[in-house]
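Asks: Below is a structure I'd like to ask you about.
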Amino acid sequence: MRLLRIEQCECKCMMAADVVWVAHDIGPVDVDVLIDVDLDGDLDILSRGSDEGRDGQFLLLRENLGADVFSEEVRVSETIRSWSKHVFYHGDRSIVIDFDLDGDQDVLVEEVYDFSEGAYFAFENVGGFFQFAGRLGLGESGSANLELGDFNRDGNVDVLVNRSNPFTGSSASLFVGHEAAVDLFSDALVPQEFPLQERTGEINGNAVFFDFDADGDLDVVSTHNYEPWTVGSSLSWYENIDNVFSERQLIATRETGWDEGDSRVAVGDVTGDGFDDIIWMGPTASLIPGTADGIGMETVLFENVARCGTFLADFDLDSDMDIMCYRSWYENLDGAGNFSSTPTTWSWERRVGPFDYDLDGDIDFVGDGAWLENRRVGDANNDGVFDSADLVAVLSKNTFETGAAATFNEGDWNQDGQFTTQDLVFAFQFGTYLSAPN
C-alpha cells in the first residue's frame with residue numbers, strides 16, 4: 001500500500017494574535033467529513049467518489065495511520081444510484097452521528113438532485129464498511145440544514161431538519177430520538193412538522209436549537225430571507241410548549257439590498273456570562289445577549305458581512321468565543337462580546353471548514369486536500385506553552401540565521417521561510433512566554 005505523508009505547504013499561513021495556522025498538504029483529494037472510522041483515536045478522511053457518468057456514488061476512505069501518514073483511498077461503501085431521474089449531486093454537508101447508538105460513528109450525506117429535490121443518505125458504519133441505511137427525503141427542497149440536540153431533554157439526540165424552497169416555502173421536521181436510536185428512516189415515524197415561513201417566496205436561512213425564553217427547554221430560532229415586497233431578512237423563534245413548537249414569533253427585522261438578504265444565525269456564550277447568546281450575521285452582524293430572563297437588546301457589531309455560514313469557537317485559545325465567517329475571523333477582544341470590526345482573513349483558494357483535525361483541543365481548518373494546523377506562536381514542541389524547551393528545540397536544529405529553509409517546528413514563527421532573529425522578536429512581542437498552557 002502506498003503511503004502519503006503530509007508535507008509543509010509553501011503558502012504563507014494565517015495569523016491572529018499569538019496563534020498561527022500552519023498549512024499542510026494532504027494531496028488533491030476532497031475532504032467531505034472527518035470521522036474516526038476505526039475508533040483508534042484519530043480522524044480519518046471520508047470523501048465521495050462517482051462512477052463514470054455520475055449515475056451513482058460511493059464513499060472513499062483514507063485511513064489516518066498516525067505520524068501524519070495516510071493510506072491511499074479505499075472504497076468503503078456500495079454504489080448508491082440516483083433515487084429520481086435527476087443526477088446524484090453533492091450537497092453541502094456530511095454529518096457524523098451515531099444514529100444507531102452502537103458506539104461507532106455513522107455518517108449522513110446531503111445530496112441535491114436539483115433546486116426542487118434533495119435528501120440525506122444515511123450510511124451505517126459496520127466494522128469500517130458503510131452500509132446504506134436509509135434515505136431521509138427533504139421533499140420539495142433543494143437543500144436542508146440539520147441541527148442536532150436534545151430538544152425534549154430526555155438524554156437522546158433529536159434532529160431538526162430545516163428545509164428551504166422559495167417556490168413552496170420553508171418548513172422544519174423534528175425527528176425525536178429514543179433509547180434505541182435516532183430513527184430518521186422508519187416509515188412508521190411521523191415527525192413533528194411546523195412552517196418556518198409566513199408566505200411563499202420567503203426562504204429560511206438556518207434554524208438552531210436555543211432556550212430563547214430561559215425556561216429550561218430548547219426552542220428554535222430561525223432566520224428568514226428575501227421577504228416579498230420588503231426585500232430583507234428577519235429573525236424569529238418558535239417556543240417549545242410541552243415539546244410542541246408554537247407558531248412563528250418575530251424577534252427583529254432588517255432591510256437589505258435586493259441581492260443581500262441572506263443571513264445566518266449561530267448560538268454560543270460570546271459574552272462569557274454563562275448564558276448562550278445569538279449572533280445574527282449578514283449583511284450586518286449583531287449580538288442579541290442571553291440573560292437569566294430570556295434575551296437582551298440587539299447590538300450591531302459591524303457592517304458589510306459577506307454571505308457565509310457562521311461558526312463560533314475559541315479560535316485563538318484565549319478562553320472566549322470568536323466568530324468565523326467563511327475565510328474571515330472576528331476576534332472577541334475582551335471575552336464580553338466586543339469583536340474586532342475588521343476581520344483577520346486569509347487567501348485560501350480551497351474550501352475549508354473548522355475541525356479539531358489533530359484532536360489536541362483547538363480549532364484547525366480542513367479543506368480540499370489540505371489542513372491548517374492551529375499553533376501558538378513559539379510553541380515549537382506543541383505542548384501548549386511557549387517556554388525554554390521550545391527555544392532549546394529550535395536552536396538544536398542548527399538553522400538559526402543560516403539562511404536555510406525552516407518550518408514552524410524549526411523556528412519559522414513569522415512564516416517567512418527561515419529561522420532568524422525576527423522570529424524571536426515576533427514570538428516574544430505577544431507576552432506569552434512562560435504563560436499557562438492552553
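Each chain of the C-alpha cells is named A, B, ... in the order shown, its residues numbered from 1; ligands are numbered from 1 in display order.
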If you count only C-alpha atoms, which residues fall within 10 Å of Ile278 of chain A, apart from same-chain ones fewer than 5 positions away, as a list of chain:residue names?
Replies: A:Phe210, A:Phe212, A:Val221, A:Val265, A:Ala266, A:Val267, A:Gly268, A:Asp269, A:Val270, A:Ser286, A:Leu287, A:Ile288, A:Pro289, A:Gly290, A:Ile295, A:Gly296, A:Glu298
Asks: With only C-alpha atoms as the counted atoms, please give the residues lying no more than 12 Å from Gly335 of chain A, apart from itself and same-chain residues fewer than 5 positions off, as a PyMOL selection string.
Replies: chain A and resi 269-274+313-314+316-323+340
Asks: Please, what distance in Å, to one decimal, runs between atom CA of Phe339 of chain A and atom CA of Arg327 of chain A?
Replies: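 So the two atoms, atom CA of Phe339 of chain A and atom CA of Arg327 of chain A, lie 16.1 Å apart.
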